[in-house]
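Structure file upload_18.txt (compact mmCIF, N, CA, C and O atoms) follows.
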```txt
# COMPACT_ATOMS: atom_id res chain seq x y z
N MET A 1 124.67 114.16 9.42
CA MET A 1 125.44 114.43 8.24
C MET A 1 126.54 113.39 8.06
O MET A 1 126.76 112.91 6.96
N LEU A 2 127.25 113.05 9.13
CA LEU A 2 128.36 112.10 9.02
C LEU A 2 127.88 110.69 8.66
O LEU A 2 128.58 109.96 7.97
N ASP A 3 126.68 110.33 9.10
CA ASP A 3 126.15 109.02 8.74
C ASP A 3 125.87 108.95 7.24
O ASP A 3 126.23 107.96 6.58
N ALA A 4 125.26 109.99 6.70
CA ALA A 4 124.99 110.03 5.26
C ALA A 4 126.30 110.06 4.48
O ALA A 4 126.44 109.40 3.45
N LEU A 5 127.26 110.79 4.97
CA LEU A 5 128.56 110.88 4.32
C LEU A 5 129.27 109.53 4.34
O LEU A 5 129.85 109.10 3.33
N SER A 6 129.20 108.83 5.45
CA SER A 6 129.81 107.51 5.55
C SER A 6 129.15 106.55 4.56
O SER A 6 129.84 105.77 3.88
N MET A 7 127.85 106.61 4.45
CA MET A 7 127.13 105.77 3.49
C MET A 7 127.57 106.10 2.06
O MET A 7 127.84 105.20 1.26
N LEU A 8 127.69 107.39 1.74
CA LEU A 8 128.12 107.81 0.42
C LEU A 8 129.48 107.23 0.06
O LEU A 8 129.66 106.66 -1.01
N VAL A 9 130.47 107.39 0.95
CA VAL A 9 131.81 106.93 0.60
C VAL A 9 131.89 105.42 0.46
O VAL A 9 132.67 104.91 -0.34
N HIS A 10 131.07 104.69 1.21
CA HIS A 10 131.11 103.24 1.10
C HIS A 10 130.34 102.72 -0.11
O HIS A 10 130.82 101.86 -0.84
N VAL A 11 129.16 103.25 -0.35
CA VAL A 11 128.35 102.79 -1.47
C VAL A 11 129.00 103.19 -2.80
O VAL A 11 129.05 102.40 -3.74
N ALA A 12 129.52 104.41 -2.86
CA ALA A 12 130.15 104.89 -4.09
C ALA A 12 131.62 104.48 -4.18
O ALA A 12 132.29 104.83 -5.15
N GLN A 13 132.10 103.77 -3.19
CA GLN A 13 133.49 103.30 -3.13
C GLN A 13 134.47 104.46 -3.29
O GLN A 13 135.44 104.39 -4.04
N MET A 14 134.20 105.54 -2.56
CA MET A 14 135.05 106.73 -2.58
C MET A 14 135.98 106.67 -1.36
O MET A 14 135.87 107.50 -0.46
N THR A 15 136.87 105.71 -1.34
CA THR A 15 137.67 105.51 -0.13
C THR A 15 139.09 106.05 -0.23
O THR A 15 139.83 105.98 0.74
N GLY A 16 139.49 106.57 -1.37
CA GLY A 16 140.79 107.22 -1.47
C GLY A 16 140.78 108.54 -0.73
O GLY A 16 139.72 109.16 -0.56
N ARG A 17 141.94 108.98 -0.27
CA ARG A 17 142.00 110.22 0.51
C ARG A 17 141.41 111.41 -0.25
O ARG A 17 140.63 112.18 0.29
N THR A 18 141.77 111.58 -1.52
CA THR A 18 141.23 112.68 -2.31
C THR A 18 139.71 112.54 -2.46
O THR A 18 138.99 113.52 -2.38
N GLU A 19 139.25 111.32 -2.65
CA GLU A 19 137.81 111.07 -2.79
C GLU A 19 137.07 111.38 -1.50
O GLU A 19 135.94 111.86 -1.53
N LEU A 20 137.69 111.11 -0.35
CA LEU A 20 137.05 111.42 0.93
C LEU A 20 136.83 112.92 1.07
O LEU A 20 135.76 113.37 1.51
N TYR A 21 137.83 113.71 0.69
CA TYR A 21 137.67 115.17 0.76
C TYR A 21 136.59 115.65 -0.21
O TYR A 21 135.80 116.53 0.11
N ARG A 22 136.55 115.05 -1.39
CA ARG A 22 135.52 115.40 -2.38
C ARG A 22 134.12 115.05 -1.87
O ARG A 22 133.18 115.82 -2.01
N ALA A 23 133.99 113.88 -1.26
CA ALA A 23 132.70 113.48 -0.69
C ALA A 23 132.27 114.46 0.40
O ALA A 23 131.09 114.80 0.50
N TYR A 24 133.21 114.92 1.21
CA TYR A 24 132.89 115.88 2.27
C TYR A 24 132.34 117.17 1.66
O TYR A 24 131.36 117.72 2.15
N GLU A 25 132.97 117.62 0.58
CA GLU A 25 132.46 118.80 -0.11
C GLU A 25 131.05 118.57 -0.65
O GLU A 25 130.23 119.49 -0.67
N MET A 26 130.78 117.34 -1.10
CA MET A 26 129.48 117.03 -1.68
C MET A 26 128.33 117.19 -0.69
O MET A 26 127.19 117.45 -1.10
N VAL A 27 128.60 117.04 0.61
CA VAL A 27 127.52 117.17 1.59
C VAL A 27 127.61 118.45 2.42
O VAL A 27 126.76 118.70 3.25
N THR A 28 128.64 119.26 2.18
CA THR A 28 128.78 120.50 2.94
C THR A 28 128.73 121.73 2.03
O THR A 28 127.73 122.44 2.00
N MET A 29 129.76 121.97 1.28
CA MET A 29 129.86 123.19 0.46
C MET A 29 128.96 123.17 -0.78
O MET A 29 128.35 124.18 -1.12
N ASN A 30 128.90 122.03 -1.47
CA ASN A 30 128.13 121.98 -2.71
C ASN A 30 126.64 122.30 -2.53
O ASN A 30 126.07 123.02 -3.35
N PRO A 31 125.97 121.78 -1.48
CA PRO A 31 124.57 122.16 -1.30
C PRO A 31 124.39 123.67 -1.07
O PRO A 31 123.43 124.26 -1.57
N ALA A 32 125.33 124.28 -0.36
CA ALA A 32 125.24 125.72 -0.15
C ALA A 32 125.41 126.47 -1.46
O ALA A 32 124.69 127.43 -1.74
N ARG A 33 126.35 126.02 -2.28
CA ARG A 33 126.54 126.64 -3.60
C ARG A 33 125.28 126.47 -4.45
O ARG A 33 124.84 127.42 -5.11
N ALA A 34 124.72 125.26 -4.48
CA ALA A 34 123.55 124.98 -5.30
C ALA A 34 122.35 125.82 -4.86
O ALA A 34 121.56 126.27 -5.70
N ALA A 35 122.21 126.03 -3.56
CA ALA A 35 121.10 126.82 -3.04
C ALA A 35 121.41 128.32 -3.06
O ALA A 35 120.58 129.12 -2.64
N GLU A 36 122.60 128.66 -3.54
CA GLU A 36 123.05 130.05 -3.59
C GLU A 36 123.00 130.72 -2.22
O GLU A 36 122.61 131.88 -2.08
N VAL A 37 123.37 129.94 -1.21
CA VAL A 37 123.45 130.46 0.16
C VAL A 37 124.87 130.95 0.39
O VAL A 37 125.82 130.23 0.12
N PRO A 38 125.04 132.19 0.85
CA PRO A 38 126.39 132.65 1.14
C PRO A 38 127.03 131.76 2.21
O PRO A 38 126.42 131.46 3.22
N TRP A 39 128.25 131.31 1.95
CA TRP A 39 128.91 130.42 2.89
C TRP A 39 130.39 130.76 2.94
O TRP A 39 130.93 131.45 2.09
N GLY A 40 131.03 130.29 3.96
CA GLY A 40 132.46 130.51 4.13
C GLY A 40 132.73 131.22 5.44
O GLY A 40 131.82 131.47 6.23
N ILE A 41 133.98 131.53 5.64
CA ILE A 41 134.37 132.24 6.85
C ILE A 41 134.71 133.67 6.44
O ILE A 41 135.80 133.95 5.96
N LYS A 42 133.72 134.54 6.60
CA LYS A 42 133.86 135.94 6.23
C LYS A 42 133.04 136.77 7.21
O LYS A 42 131.99 136.34 7.67
N GLU A 43 133.52 137.95 7.47
CA GLU A 43 132.78 138.86 8.32
C GLU A 43 131.43 139.17 7.68
O GLU A 43 131.34 139.39 6.47
N GLY A 44 130.38 139.12 8.48
CA GLY A 44 129.04 139.42 8.01
C GLY A 44 128.22 138.21 7.62
O GLY A 44 127.00 138.31 7.48
N LEU A 45 128.86 137.07 7.40
CA LEU A 45 128.11 135.86 7.09
C LEU A 45 127.60 135.23 8.37
O LEU A 45 128.19 135.39 9.44
N PRO A 46 126.48 134.49 8.29
CA PRO A 46 125.96 133.83 9.49
C PRO A 46 126.98 132.82 10.03
O PRO A 46 127.62 132.12 9.26
N ALA A 47 127.13 132.78 11.32
CA ALA A 47 128.05 131.82 11.94
C ALA A 47 127.28 130.55 12.25
O ALA A 47 126.79 130.34 13.36
N ASN A 48 127.13 129.70 11.25
CA ASN A 48 126.47 128.40 11.39
C ASN A 48 127.49 127.33 11.05
O ASN A 48 127.94 127.25 9.90
N PHE A 49 127.88 126.55 12.04
CA PHE A 49 128.88 125.52 11.79
C PHE A 49 128.85 124.47 12.89
O PHE A 49 128.23 124.65 13.93
N VAL A 50 129.53 123.35 12.61
CA VAL A 50 129.63 122.25 13.55
C VAL A 50 131.11 121.97 13.77
O VAL A 50 131.89 121.96 12.82
N VAL A 51 131.50 121.74 15.02
CA VAL A 51 132.89 121.42 15.35
C VAL A 51 132.96 119.95 15.76
O VAL A 51 132.22 119.52 16.64
N PHE A 52 133.83 119.21 15.07
CA PHE A 52 134.04 117.81 15.40
C PHE A 52 135.42 117.65 16.02
O PHE A 52 136.36 118.35 15.65
N ASP A 53 135.56 116.73 16.95
CA ASP A 53 136.82 116.47 17.63
C ASP A 53 137.64 115.48 16.79
O ASP A 53 137.66 114.29 17.05
N CYS A 54 138.26 116.02 15.71
CA CYS A 54 139.07 115.18 14.83
C CYS A 54 140.06 116.07 14.09
O CYS A 54 139.95 117.29 14.10
N GLU A 55 141.00 115.43 13.44
CA GLU A 55 142.09 116.12 12.77
C GLU A 55 141.67 116.76 11.44
O GLU A 55 142.06 117.87 11.13
N ASP A 56 140.89 116.05 10.63
CA ASP A 56 140.51 116.55 9.31
C ASP A 56 139.24 115.85 8.83
O ASP A 56 138.65 115.05 9.56
N GLU A 57 138.84 116.16 7.60
CA GLU A 57 137.61 115.60 7.06
C GLU A 57 137.66 114.07 6.97
O GLU A 57 136.68 113.40 7.29
N ALA A 58 138.79 113.54 6.53
CA ALA A 58 138.91 112.09 6.40
C ALA A 58 138.74 111.40 7.75
O ALA A 58 138.08 110.36 7.86
N GLU A 59 139.31 111.99 8.80
CA GLU A 59 139.17 111.41 10.13
C GLU A 59 137.73 111.53 10.63
O GLU A 59 137.24 110.65 11.32
N ALA A 60 137.05 112.60 10.27
CA ALA A 60 135.64 112.76 10.65
C ALA A 60 134.80 111.65 10.03
O ALA A 60 133.93 111.08 10.68
N ILE A 61 135.10 111.32 8.76
CA ILE A 61 134.36 110.25 8.08
C ILE A 61 134.68 108.91 8.73
O ILE A 61 133.80 108.09 8.97
N ARG A 62 135.96 108.68 9.03
CA ARG A 62 136.39 107.39 9.59
C ARG A 62 135.86 107.18 11.00
O ARG A 62 135.33 106.13 11.34
N LEU A 63 135.97 108.20 11.86
CA LEU A 63 135.59 108.05 13.27
C LEU A 63 134.13 108.37 13.55
O LEU A 63 133.57 107.93 14.55
N ARG A 64 133.51 109.20 12.69
CA ARG A 64 132.13 109.66 12.90
C ARG A 64 131.90 110.12 14.34
O ARG A 64 131.03 109.63 15.04
N PRO A 65 132.70 111.11 14.78
CA PRO A 65 132.55 111.58 16.15
C PRO A 65 131.26 112.36 16.35
O PRO A 65 130.69 112.89 15.40
N ALA A 66 130.83 112.43 17.59
CA ALA A 66 129.67 113.27 17.92
C ALA A 66 130.07 114.73 17.71
O ALA A 66 131.24 115.10 17.85
N ALA A 67 129.10 115.56 17.37
CA ALA A 67 129.38 116.99 17.20
C ALA A 67 129.79 117.57 18.54
O ALA A 67 129.04 117.47 19.52
N ARG A 68 130.96 118.14 18.61
CA ARG A 68 131.46 118.72 19.87
C ARG A 68 130.68 119.98 20.20
O ARG A 68 130.25 120.19 21.30
N TRP A 69 130.54 120.86 19.19
CA TRP A 69 129.73 122.06 19.33
C TRP A 69 128.94 122.27 18.05
O TRP A 69 129.44 122.04 16.96
N VAL A 70 127.70 122.72 18.20
CA VAL A 70 126.88 123.13 17.06
C VAL A 70 126.56 124.60 17.28
O VAL A 70 126.03 124.98 18.33
N VAL A 71 126.92 125.41 16.29
CA VAL A 71 126.73 126.86 16.40
C VAL A 71 125.76 127.29 15.33
O VAL A 71 125.90 126.94 14.15
N ARG A 72 124.75 128.03 15.73
CA ARG A 72 123.73 128.53 14.81
C ARG A 72 123.55 130.01 15.08
O ARG A 72 123.29 130.42 16.22
N GLY A 73 123.74 130.82 14.07
CA GLY A 73 123.60 132.26 14.24
C GLY A 73 124.58 132.83 15.26
O GLY A 73 124.26 133.79 15.95
N GLY A 74 125.75 132.22 15.35
CA GLY A 74 126.77 132.71 16.27
C GLY A 74 126.60 132.27 17.71
O GLY A 74 127.38 132.64 18.57
N ARG A 75 125.59 131.44 17.99
CA ARG A 75 125.35 130.97 19.36
C ARG A 75 125.50 129.45 19.42
O ARG A 75 125.02 128.74 18.54
N VAL A 76 126.14 128.97 20.47
CA VAL A 76 126.25 127.53 20.67
C VAL A 76 124.86 127.02 21.04
O VAL A 76 124.28 127.45 22.03
N VAL A 77 124.32 126.11 20.22
CA VAL A 77 122.98 125.57 20.48
C VAL A 77 123.03 124.13 20.96
O VAL A 77 122.04 123.62 21.46
N ALA A 78 124.19 123.48 20.81
CA ALA A 78 124.34 122.11 21.31
C ALA A 78 125.82 121.86 21.60
O ALA A 78 126.69 122.39 20.93
N GLU A 79 126.05 121.05 22.62
CA GLU A 79 127.42 120.72 23.01
C GLU A 79 127.46 119.29 23.51
O GLU A 79 126.54 118.84 24.20
N THR A 80 128.50 118.56 23.13
CA THR A 80 128.67 117.19 23.58
C THR A 80 130.02 117.06 24.25
O THR A 80 131.04 117.44 23.66
N GLN A 81 130.03 116.55 25.46
CA GLN A 81 131.30 116.29 26.13
C GLN A 81 131.93 115.05 25.50
O GLN A 81 131.24 114.06 25.30
N PRO A 82 133.23 115.11 25.19
CA PRO A 82 133.84 113.94 24.54
C PRO A 82 133.92 112.75 25.48
O PRO A 82 134.12 112.91 26.68
N ALA A 83 133.72 111.57 24.90
CA ALA A 83 133.87 110.35 25.69
C ALA A 83 135.34 110.11 25.94
O ALA A 83 136.19 110.53 25.16
N GLN A 84 135.65 109.43 27.02
CA GLN A 84 137.03 109.08 27.30
C GLN A 84 137.18 107.57 27.19
O GLN A 84 136.44 106.82 27.82
N SER A 85 138.10 107.14 26.34
CA SER A 85 138.35 105.71 26.17
C SER A 85 139.56 105.32 27.01
O SER A 85 140.58 106.00 27.01
N LEU A 86 139.41 104.23 27.75
CA LEU A 86 140.49 103.72 28.60
C LEU A 86 140.87 102.32 28.15
O LEU A 86 140.01 101.53 27.77
N VAL A 87 142.16 102.02 28.21
CA VAL A 87 142.64 100.68 27.92
C VAL A 87 143.21 100.11 29.21
O VAL A 87 144.01 100.75 29.89
N HIS A 88 142.76 98.91 29.54
CA HIS A 88 143.24 98.20 30.72
C HIS A 88 144.14 97.08 30.21
O HIS A 88 143.68 96.17 29.52
N HIS A 89 145.42 97.15 30.56
CA HIS A 89 146.36 96.14 30.06
C HIS A 89 147.52 96.02 31.04
O HIS A 89 148.10 97.01 31.46
N GLY A 90 147.83 94.78 31.38
CA GLY A 90 148.99 94.53 32.24
C GLY A 90 148.90 95.19 33.60
O GLY A 90 149.93 95.62 34.14
N GLY A 91 147.71 95.29 34.13
CA GLY A 91 147.55 95.89 35.45
C GLY A 91 147.55 97.41 35.46
O GLY A 91 147.50 98.03 36.51
N THR A 92 147.62 98.04 34.28
CA THR A 92 147.58 99.49 34.21
C THR A 92 146.38 99.93 33.39
O THR A 92 145.86 99.19 32.57
N THR A 93 145.97 101.15 33.61
CA THR A 93 144.88 101.76 32.86
C THR A 93 145.39 103.07 32.30
O THR A 93 145.99 103.85 33.03
N ARG A 94 145.16 103.27 31.01
CA ARG A 94 145.59 104.55 30.43
C ARG A 94 144.57 105.02 29.40
O ARG A 94 143.96 104.21 28.72
N PRO A 95 144.41 106.34 29.31
CA PRO A 95 143.49 106.89 28.31
C PRO A 95 144.13 106.83 26.92
O PRO A 95 145.35 106.93 26.79
N VAL A 96 143.30 106.64 25.92
CA VAL A 96 143.77 106.63 24.53
C VAL A 96 142.80 107.39 23.65
O VAL A 96 141.65 107.63 24.03
N THR A 97 143.29 107.76 22.48
CA THR A 97 142.42 108.33 21.45
C THR A 97 142.51 107.41 20.26
O THR A 97 143.32 106.49 20.22
N PHE A 98 141.68 107.64 19.28
CA PHE A 98 141.70 106.83 18.08
C PHE A 98 142.04 107.68 16.87
O PHE A 98 141.61 107.41 15.77
N THR A 99 142.83 108.74 17.12
CA THR A 99 143.25 109.61 16.04
C THR A 99 144.55 109.09 15.45
O THR A 99 145.10 108.10 15.92
N LYS A 100 145.05 109.78 14.42
CA LYS A 100 146.25 109.33 13.75
C LYS A 100 147.40 109.21 14.73
O LYS A 100 147.52 110.00 15.66
N GLU A 101 148.24 108.19 14.52
CA GLU A 101 149.38 107.95 15.40
C GLU A 101 150.26 109.18 15.43
O GLU A 101 150.53 109.80 14.41
N GLY A 102 150.70 109.53 16.63
CA GLY A 102 151.55 110.70 16.81
C GLY A 102 150.78 111.95 17.19
O GLY A 102 151.34 112.92 17.62
N SER A 103 149.45 111.93 17.01
CA SER A 103 148.63 113.07 17.42
C SER A 103 148.41 112.97 18.91
O SER A 103 148.18 111.90 19.45
N ALA A 104 148.49 114.07 19.59
CA ALA A 104 148.25 114.08 21.02
C ALA A 104 146.91 114.75 21.29
O ALA A 104 146.54 115.71 20.64
N ASN A 105 146.18 114.22 22.28
CA ASN A 105 144.92 114.86 22.63
C ASN A 105 145.21 116.02 23.58
O ASN A 105 146.36 116.33 23.88
N LYS A 106 144.18 116.68 24.07
CA LYS A 106 144.38 117.86 24.90
C LYS A 106 145.11 117.56 26.21
O LYS A 106 145.69 118.45 26.79
N GLU A 107 145.10 116.31 26.65
CA GLU A 107 145.83 115.95 27.86
C GLU A 107 147.27 115.56 27.53
O GLU A 107 148.04 115.21 28.40
N GLY A 108 147.61 115.57 26.22
CA GLY A 108 148.95 115.23 25.82
C GLY A 108 149.19 113.74 25.66
O GLY A 108 150.32 113.30 25.49
N VAL A 109 148.12 112.94 25.69
CA VAL A 109 148.27 111.49 25.55
C VAL A 109 148.32 111.17 24.06
O VAL A 109 147.46 111.57 23.29
N VAL A 110 149.36 110.48 23.64
CA VAL A 110 149.52 110.10 22.25
C VAL A 110 148.83 108.79 21.99
O VAL A 110 148.94 107.85 22.77
N ALA A 111 148.10 108.73 20.89
CA ALA A 111 147.37 107.51 20.52
C ALA A 111 148.32 106.40 20.16
O ALA A 111 149.39 106.58 19.70
```
Structure encoded using structure tokens:
Amino acid sequence: MLDALSMLVHVAQMTGRTELYRAYEMVTMNPARAAEVPWGIKEGLPANFVVFDCEDEAEAIRLRPAARWVVRGGRVVAETQPAQSLVHHGGTTRPVTFTKEGSANKEGVVA
């Protein structure tokens, strides 16, 4: 999904922040609406969703992270352990993320 979304935003030149959110809707919510499939977060609806390790939709498009968890019918059907990026500089090694500046990852390391 993220590969197709990335292609959409680049080919259609939808690179503004508002356009990125609109493009995300175009490949997630709009197909469900068009197919008249009940969607959203409500009791009784099927729990089918994907969790990405990112701050928001725009960051998902920019980073194209692997799906952290894929849930189908309320059950985790796939899981990906996040990669750890290390920077070696000046004789030291430290972990980093590629999220927005000031965001801290689960270990508390700021990008």
*List every residue of chain A that DSSP, applied to the backbone of this structure, places in alpha helix (DSSP H), and write the result as a ChimeraX atom specification.*
/A:2-11,17-27,29-34,57-63
_DSSP on the backbone: which residues in chain A end up as strand (DSSP E)? Give the answer as a ChimeraX atom specification._
/A:49-52,67-72,75-79,85-89,92-96
*Counting all atoms listed in the file, what is within 7 Å of Val9 of chain A, bar same-chain residues fewer than 6 positions away, as a list in words?*
Thr15, Glu19, Leu20 and Ala23 of chain A
*asked:* For Glu79 of chain A, find every residue with an atom within 8 Å (counting all atoms listed in the file), except residues of its own chain fewer than 5 positions away, and show them as a PyMOL selection string.
replied: chain A and resi 66-71
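Between atom O of Glu55 of chain A and atom C of Pro31 of chain A lies a distance of 22.2 Å.
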*Kindly give the distance, in Å, that separates atom CA of Ile41 of chain A and atom CA of Val76 of chain A, rounded to a single decimal.*
16.7 Å
*In Å, with one decimal, what is the gap from atom CA of Met26 of chain A to atom CA of Leu5 of chain A?*
8.6 Å
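Using all atoms listed in the file, the nearest neighbour of Tyr24 of chain A within the list A:Glu57, A:Ala12, A:Met7, A:Thr80 is A:Glu57.
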